[in-house]
Amino acid sequence: PLQAQTWPIALSGRDVIGLAEPGSGKTFAFILPAIVHVQAHNRPLPAEGPSCLILAPTRELAQQIGQEVTIFRLMAGLRIATVYGGLRVDPWKQRHEELAQAEALTCGVDIVVATPGRLIEVLETGLLTLQRTTFFVLDEADRMLDLGFGSQVKQIASQIRPERQTLMFSATWGHDIQEMAETYCGNPMKIVVNAADIMPGSTEVEQHVLMTEGLDDKNKKLDEIMQRHREQHSDCPKMLIFVERKDTVEILCRLLAQKGYQTTPLHGDLKQDQREHAVRTLQTVLDSVVVATDVAARGLDIKDLRLVVHYDMAITSEFYVHRTGRTGRAGNKGQSFVFFDPRHDSAKA
């Protein structure tokens, strides 16, 4: 629905604000108009920078968008570069990525997909200019603000031509997002899919709240849920379990491994290749179990994921929406279980 509503408006040249739950097809909602826009303009010279800039809040989402845009590279004859950082725990790989990104940029690009922090570093080195950029996409704008990128987005937008076309996508419509839309969009058309305005959970997800009493009871209920899920979905019993702390990820992975589950951790302290491995595992291994912090709450599109467990409650309703949104995507059914211990979780409820 989001694609069908966005395409004609964006292709007419008008600014768009897309409000939709995760899994609503927003990536392709802006990729097609971006490609049409690029092809309708004279190809910029290498020193002139891209015609289109797509900003994403995390490197995982930037990589995912970059991969999806690359599908059209040969078909449309596009030059594409994905610019992200966050690999400093592995200096050699960080340097290798930076050199590869620099080489792609100096050869000339039509579309750049980037995270805000790394893009500013590139702009400051002079490797890239936005003087020819006339198509600007802000994906997961609410997440941008959650991560404190508001000032960086402002700095980047100030270097883009004022007559640009802007497409902004968000799962929420709070005061900060409304101010952001007023700042960067001119007379936009607002498109709402699945009532993202009021932040409900996905209608495709069967949601449950289970009362727990202590850690042993929580682990017992988790084991029951996982066993039942494997019996009901033996063809593809993959699961995603969310916890609050990084150390809890490791502890729970060890506990589940002792029970025979093939578990993979995903949190911010892991090296980039380890995080990418966890995402690939969840995408490709049918019986995978990934235990993650909220680093996996947004931007990951996992096919056939039918179960999400909130082992620890989300700290905000926004994170609850995005965690739950990993399942029930693209019209498929899913289940979400939330563990609630009144002694510890009352402040979050």
# chains A, B, ... in the order shown; residues from 1 in each chain; ligands from 1
$ closest_atom_pairs --of "range 6-89 of chain A" --to "range 153-156 of chain A" --cutoff "12 Å" --atoms "only C-alpha atoms" --output "JSON lines"
{"residue": "A:Leu53", "atom": "CA", "partner": "A:Ile156", "partner_atom": "CA", "distance": 10.1}
{"residue": "A:Ile54", "atom": "CA", "partner": "A:Ile156", "partner_atom": "CA", "distance": 11.3}
{"residue": "A:Leu55", "atom": "CA", "partner": "A:Val153", "partner_atom": "CA", "distance": 8.5}
{"residue": "A:Ala56", "atom": "CA", "partner": "A:Val153", "partner_atom": "CA", "distance": 10.3}
{"residue": "A:Pro57", "atom": "CA", "partner": "A:Val153", "partner_atom": "CA", "distance": 10.0}
$ write_last_selection --atoms "N, CA and C atoms" --output "PDB file, in the first residue's frame"
ATOM      1  N   LEU A  53      20.579  11.446  -2.617  1.00  0.00           N
ATOM      2  CA  LEU A  53      21.170  11.074  -1.327  1.00  0.00           C
ATOM      3  C   LEU A  53      20.104  10.419  -0.470  1.00  0.00           C
ATOM      4  N   ILE A  54      20.417   9.222   0.031  1.00  0.00           N
ATOM      5  CA  ILE A  54      19.524   8.496   0.930  1.00  0.00           C
ATOM      6  C   ILE A  54      20.228   8.371   2.276  1.00  0.00           C
ATOM      7  N   LEU A  55      19.642   8.943   3.327  1.00  0.00           N
ATOM      8  CA  LEU A  55      20.212   8.863   4.673  1.00  0.00           C
ATOM      9  C   LEU A  55      19.499   7.789   5.481  1.00  0.00           C
ATOM     10  N   ALA A  56      20.272   6.966   6.173  1.00  0.00           N
ATOM     11  CA  ALA A  56      19.734   5.930   7.055  1.00  0.00           C
ATOM     12  C   ALA A  56      20.417   6.049   8.412  1.00  0.00           C
ATOM     13  N   PRO A  57      19.730   5.721   9.507  1.00  0.00           N
ATOM     14  CA  PRO A  57      20.303   5.945  10.837  1.00  0.00           C
ATOM     15  C   PRO A  57      21.393   4.966  11.252  1.00  0.00           C
TER      16      PRO A  57
END
$ select_by_dssp --residues "range 9-165 of chain A" --states "helix (DSSP H, G or I)" --output "PyMOL selection string"
chain A and resi 9-11+26-39+46-48+59-70+73-76+91-106+116-125+141-146+150-157
$ closest_residue --among "A:Met75, A:Val285, A:Val109, A:Val321" --to "Met239 in chain A" --atoms "only C-alpha atoms"
A:Val285
$ residues_around --residues "Phe30 in chain A" --least-positions-apart "6" --cutoff "9 Å" --atoms "only C-alpha atoms" --output "PDB file with N, CA and C atoms, in the first residue's frame"
ATOM      1  N   GLN A   3       3.875   1.733  -1.238  1.00  0.00           N
ATOM      2  CA  GLN A   3       4.458   1.939  -2.562  1.00  0.00           C
ATOM      3  C   GLN A   3       3.432   2.526  -3.521  1.00  0.00           C
ATOM      4  N   THR A   6       2.775   6.124  -2.635  1.00  0.00           N
ATOM      5  CA  THR A   6       3.924   7.029  -2.710  1.00  0.00           C
ATOM      6  C   THR A   6       4.357   7.301  -4.140  1.00  0.00           C
ATOM      7  N   TRP A   7       4.390   6.283  -4.958  1.00  0.00           N
ATOM      8  CA  TRP A   7       4.960   6.418  -6.298  1.00  0.00           C
ATOM      9  C   TRP A   7       4.365   7.559  -7.120  1.00  0.00           C
ATOM     10  N   ALA A  10       5.402  10.989  -5.524  1.00  0.00           N
ATOM     11  CA  ALA A  10       6.839  11.259  -5.635  1.00  0.00           C
ATOM     12  C   ALA A  10       7.250  11.470  -7.087  1.00  0.00           C
ATOM     13  N   VAL A 137      16.356  11.630   0.559  1.00  0.00           N
ATOM     14  CA  VAL A 137      15.517  10.679   1.289  1.00  0.00           C
ATOM     15  C   VAL A 137      16.009  10.570   2.726  1.00  0.00           C
ATOM     16  N   LEU A 167      11.840  13.124   0.429  1.00  0.00           N
ATOM     17  CA  LEU A 167      10.949  12.060   0.881  1.00  0.00           C
ATOM     18  C   LEU A 167      11.399  11.648   2.279  1.00  0.00           C
TER      19      LEU A 167
END
$ residues_around --residues "Thr281 in chain A" --least-positions-apart "6" --cutoff "12 Å" --atoms "only C-alpha atoms" --output "list in words"
Lys238, Met239, Leu240, Gln262, Thr263, Thr264, Pro265, Leu266, Gln274, Arg275, Asp287, Ser288, Val289, Val290, Val291, Ile302, Lys303 and Leu305 of chain A
$ residues_around --residues "Leu11 in chain A" --least-positions-apart "2" --cutoff "10 Å" --atoms "only C-alpha atoms" --output "ChimeraX atom specification"
/A:6-9,13-15,30,32-34,36-37
$ residues_around --residues "Asp217 in chain A" --least-positions-apart "5" --cutoff "12 Å" --atoms "only C-alpha atoms" --output "JSON, numbers by chain"
{"A": [210, 211, 212, 222, 223, 224, 311, 339, 340, 341]}
$ atom_distance --atom1 "CA of Gly108 in chain A" --atom2 "CA of Ala157 in chain A"
20.4 Å
$ closest_residue --among "A:Arg79, A:Met189, A:Ala104, A:Thr27" --to "Leu138 in chain A" --atoms "only C-alpha atoms"
A:Thr27
$ closest_residue --among "A:Thr293, A:Ser317, A:Gln178, A:Thr106" --to "Lys246 in chain A" --atoms "only C-alpha atoms"
A:Thr293
$ closest_residue --among "A:His344, A:Arg306, A:His267, A:Arg73" --to "Arg245 in chain A" --atoms "only C-alpha atoms"
A:His267
$ atom_distance --atom1 "CA of Ala4 in chain A" --atom2 "CA of Ala20 in chain A"
13.0 Å
$ residues_around --residues "Val309 in chain A" --least-positions-apart "6" --cutoff "7 Å" --atoms "only C-alpha atoms" --output "PyMOL selection string"
chain A and resi 240-242+336-338
$ select_by_dssp --residues "range 138-175 of chain A" --states "strand (DSSP E or B)" --output "PyMOL selection string"
chain A and resi 138+165-170
$ closest_residue --among "A:Asp146, A:Asp301, A:Asp294, A:Asp110" --to "Arg43 in chain A" --atoms "only C-alpha atoms"
A:Asp110
$ closest_residue --among "A:Val113, A:Gly49, A:Phe72, A:Arg164" --to "Leu130 in chain A" --atoms "only C-alpha atoms"
A:Gly49
